[in-house]
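> File follows, structure05.csv with CSV, C-alpha atoms:
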chain,number,residue,atom,x,y,z
B,1,MET,CA,-1.7,6.2,1.2
B,2,ASN,CA,-3.5,9.2,-0.3
B,3,GLY,CA,-5.9,7.4,-2.6
B,4,VAL,CA,-6.4,4.4,-4.8
B,5,THR,CA,-7.8,3.7,-8.3
B,6,VAL,CA,-9.0,0.2,-9.1
B,7,ASN,CA,-8.6,-1.0,-12.7
B,8,GLY,CA,-10.3,-4.1,-14.0
B,9,LEU,CA,-13.7,-3.6,-12.4
B,10,ASP,CA,-16.8,-2.6,-14.4
B,11,SER,CA,-18.1,0.4,-12.5
B,12,THR,CA,-21.6,0.0,-14.0
B,13,THR,CA,-22.2,-3.2,-12.0
B,14,GLY,CA,-22.0,-1.5,-8.7
B,15,THR,CA,-20.9,-4.0,-6.1
B,16,GLN,CA,-21.3,-7.0,-8.5
B,17,ILE,CA,-17.6,-7.8,-9.1
B,18,GLN,CA,-16.6,-9.4,-12.3
B,19,LEU,CA,-13.7,-11.4,-11.0
B,20,LEU,CA,-13.6,-14.6,-13.0
B,21,GLY,CA,-10.7,-14.8,-15.4
B,22,THR,CA,-9.5,-11.2,-14.8
B,23,ASN,CA,-6.8,-9.6,-12.8
B,24,ILE,CA,-7.2,-6.3,-11.1
B,25,SER,CA,-4.6,-3.7,-10.5
B,26,MET,CA,-4.7,-0.7,-8.2
B,27,ILE,CA,-2.9,2.5,-8.7
B,28,VAL,CA,-2.0,3.7,-5.3
B,29,ASP,CA,-1.1,7.3,-4.6
B,30,VAL,CA,1.5,7.1,-1.8
B,31,SER,CA,3.4,9.7,0.2
B,32,VAL,CA,6.8,9.3,1.9
B,33,LYS,CA,6.9,12.0,4.6
B,34,ASN,CA,10.2,12.9,6.1
B,35,PRO,CA,9.6,15.1,9.3
B,36,ASN,CA,13.3,14.9,10.2
B,37,SER,CA,16.1,17.4,9.7
B,38,ALA,CA,18.1,14.9,7.7
B,39,SER,CA,17.4,13.7,4.1
B,40,PHE,CA,16.4,10.0,3.6
B,41,ARG,CA,17.5,8.2,0.5
B,42,TYR,CA,15.6,4.9,0.0
B,43,SER,CA,16.0,1.9,-2.2
B,44,ASN,CA,13.2,0.0,-3.9
B,45,THR,CA,10.1,-0.3,-1.7
B,46,THR,CA,7.9,-3.4,-1.3
B,47,THR,CA,4.3,-3.6,-0.3
B,48,ASP,CA,2.2,-6.7,0.2
B,49,ILE,CA,-1.6,-6.6,0.5
B,50,TYR,CA,-3.4,-9.2,2.6
B,51,TYR,CA,-7.0,-10.4,2.8
B,52,LYS,CA,-7.8,-12.6,5.7
B,53,GLY,CA,-4.1,-13.5,6.2
B,54,THR,CA,-3.4,-14.4,2.6
B,55,VAL,CA,-1.2,-12.3,0.3
B,56,VAL,CA,-3.4,-11.2,-2.5
B,57,GLY,CA,-1.4,-8.3,-3.9
B,58,GLU,CA,2.1,-7.1,-4.4
B,59,ALA,CA,3.7,-3.8,-5.3
B,60,ARG,CA,7.2,-2.6,-5.9
B,61,GLY,CA,8.1,1.1,-5.7
B,62,PRO,CA,11.1,2.9,-7.2
B,63,PRO,CA,14.0,4.2,-5.2
B,64,GLY,CA,14.0,7.9,-4.3
B,65,LYS,CA,14.9,10.6,-1.9
B,66,ALA,CA,12.8,12.4,0.7
B,67,ARG,CA,14.5,15.7,1.6
B,68,ALA,CA,14.4,17.0,5.1
B,69,HIS,CA,11.0,18.3,6.2
B,70,ARG,CA,9.5,17.3,2.8
B,71,THR,CA,6.9,14.9,1.5
B,72,VAL,CA,7.5,12.9,-1.7
B,73,ARG,CA,4.4,11.6,-3.6
B,74,MET,CA,4.5,8.6,-6.0
B,75,ASN,CA,2.1,6.2,-7.7
B,76,MET,CA,2.6,2.5,-7.3
B,77,THR,CA,0.9,-0.2,-9.2
B,78,VAL,CA,-0.4,-3.0,-7.0
B,79,ASP,CA,-1.1,-6.3,-8.8
B,80,ILE,CA,-4.0,-8.1,-7.3
B,81,MET,CA,-4.1,-11.9,-7.5
B,82,ILE,CA,-7.9,-12.6,-8.0
B,83,GLY,CA,-7.6,-16.3,-7.6
B,84,ARG,CA,-6.5,-15.9,-4.0
B,85,PHE,CA,-9.5,-13.8,-3.2
B,86,LEU,CA,-11.8,-16.4,-4.8
B,87,MET,CA,-10.5,-19.1,-2.4
B,88,ASP,CA,-12.6,-17.3,0.3
B,89,PRO,CA,-16.2,-18.5,0.2
B,90,GLY,CA,-17.4,-15.4,2.1
B,91,LEU,CA,-16.0,-12.9,-0.4
B,92,ALA,CA,-19.2,-12.3,-2.4
B,93,ARG,CA,-21.2,-11.8,0.7
B,94,GLU,CA,-18.7,-9.4,2.2
B,95,VAL,CA,-18.6,-7.2,-0.9
B,96,SER,CA,-22.3,-7.4,-1.9
B,97,GLY,CA,-23.4,-6.5,1.6
B,98,SER,CA,-21.4,-3.4,2.3
B,99,GLY,CA,-19.5,-2.7,-1.0
B,100,LEU,CA,-16.3,-2.8,1.2
B,101,LEU,CA,-13.4,-5.1,1.1
B,102,ASN,CA,-11.3,-5.1,4.3
B,103,VAL,CA,-7.6,-5.6,3.7
B,104,TRP,CA,-4.3,-4.8,5.3
B,105,SER,CA,-0.9,-3.9,3.9
B,106,TYR,CA,2.7,-4.3,5.0
B,107,THR,CA,5.2,-1.9,3.5
B,108,ARG,CA,9.0,-1.9,3.9
B,109,VAL,CA,11.2,1.0,3.0
B,110,SER,CA,15.0,0.7,3.6
B,111,GLY,CA,17.5,3.5,3.1
B,112,LYS,CA,20.1,5.8,4.5
B,113,VAL,CA,19.7,9.0,6.5
B,114,LYS,CA,22.5,11.6,6.0
B,115,ILE,CA,23.0,13.6,9.2
B,116,LEU,CA,24.7,17.0,8.9
B,117,GLY,CA,25.8,16.0,5.4
B,118,ILE,CA,28.4,13.7,6.9
B,119,VAL,CA,27.2,10.8,9.0
B,120,LYS,CA,25.2,8.1,7.1
B,121,LYS,CA,22.9,5.8,9.2
B,122,HIS,CA,20.9,2.8,7.8
B,123,VAL,CA,17.2,3.0,8.5
B,124,THR,CA,14.3,0.7,7.7
B,125,VAL,CA,10.7,1.9,8.0
B,126,LYS,CA,8.0,-0.7,8.3
B,127,MET,CA,4.3,0.2,8.0
B,128,ASN,CA,1.3,-1.9,8.7
B,129,CYS,CA,-2.1,-0.4,7.5
B,130,THR,CA,-5.6,-1.7,7.7
B,131,MET,CA,-8.2,-0.2,5.3
B,132,ALA,CA,-11.5,-0.8,3.6
B,133,VAL,CA,-11.5,-0.7,-0.2
B,134,ASN,CA,-14.8,0.8,-1.4
B,135,ILE,CA,-15.4,-1.2,-4.6
B,136,THR,CA,-18.3,1.0,-5.8
B,137,ARG,CA,-16.5,4.4,-5.3
B,138,GLN,CA,-13.0,2.9,-6.1
B,139,ALA,CA,-11.6,4.5,-2.9
B,140,ILE,CA,-10.0,3.6,0.3
B,141,GLN,CA,-11.5,4.5,3.6
B,142,ASP,CA,-11.0,3.8,7.3
B,143,THR,CA,-7.3,3.7,7.0
B,144,GLU,CA,-5.2,3.2,10.1
B,145,CYS,CA,-1.5,2.8,10.0
B,146,LYS,CA,1.3,1.9,12.5
B,147,LYS,CA,4.9,2.4,11.7
B,148,ASP,CA,8.1,0.9,13.1
B,149,ILE,CA,11.6,2.3,12.5
B,150,ASP,CA,14.7,0.2,12.8
B,151,LEU,CA,18.0,2.2,13.1
When written as structure tokens, how does the structure in this file appear?

Amino acid sequence: MNGVTVNGLDSTTGTQIQLLGTNISMIVDVSVKNPNSASFRYSNTTTDIYYKGTVVGEARGPPGKARAHRTVRMNMTVDIMIGRFLMDPGLAREVSGSGLLNVWSYTRVSGKVKILGIVKKHVTVKMNCTMAVNITRQAIQDTECKKDIDL
């Protein structure tokens, strides 16, 4: 993830979130980096956003192709389910104290790698990331990701 823009928050309220009765969407700038010598053609991607173990956001990304030794950038819209955040009684305290919302994401990208233009191999890349969403600045920070590749 390169960056995030949060839609549905009133930036003039600072860390006072206007959550009741609204939904929030995040436009997430994502890169798919292919460091390999083979191209990677992937199908639809899925990303789930978690807050304290509960799925609070979902995103679907379009299919595409990451050429060898290239990075592909795309924007994905993540729909945030506000009602699930509101079930946590400590949410207001967490956000008003630091202006940060700690979440983690799980992304799955499945596709095929074409080796030497002949051999096709099915590959699934899974990525777990933890991050803090800075509500005031509408930015992500302290991102840490771990990936797992199934061949």
> Just checking: using only C-alpha atoms, which residue out of B:Asn128, B:Ser105, B:Ser98, B:Gln138 ends up closest to Tyr50 in chain B?
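Looking at the shortest contact to Tyr50 in chain B, the residue is B:Ser105.
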> Extract, using all atoms listed in the file, all DNA, RNA and protein residues at most 10 Å from Ala68 in chain B, discarding same-chain residues fewer than 4 positions from it, and format them as a ChimeraX atom specification.
/B:33-40,113-114
> Can you work out which one of B:Met26, B:Gly83, B:Val133, B:Leu100 has the shortest atom-to-atom distance to Thr54 in chain B, counting all atoms listed in the file?
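The shortest atom-to-atom distance to Thr54 in chain B comes from B:Gly83.
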> One number please: CA of Gly61 in chain B to CA of Arg73 in chain B, in Å, one decimal.
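Taking CA of Gly61 in chain B as the start and CA of Arg73 in chain B as the end point, the length is 11.3 Å.
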> One decimal, Å: what's the distance from CA of Ile149 in chain B over to CA of Thr77 in chain B, could you say?
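Separating CA of Ile149 in chain B from CA of Thr77 in chain B is a distance of 24.3 Å.
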> I'd like the neighbourhood of Val55 in chain B as a VMD selection string, where a residue qualifies if any of its atoms comes within 8 Å (using all atoms listed in the file), though same-chain residues fewer than 6 positions away should be ignored.
chain B and resid 48 to 49 84
> Which residue is closest to Arg70 in chain B? Choose from B:Ile115, B:Val32, B:Val125, B:Ala139 and count all atoms listed in the file.
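When distances to Arg70 in chain B are compared using all atoms listed in the file, the smallest one comes from B:Val32.
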> Quick check, in Å to one decimal: how far apart do CA of Asn134 in chain B and CA of Phe85 in chain B lie?
15.6 Å
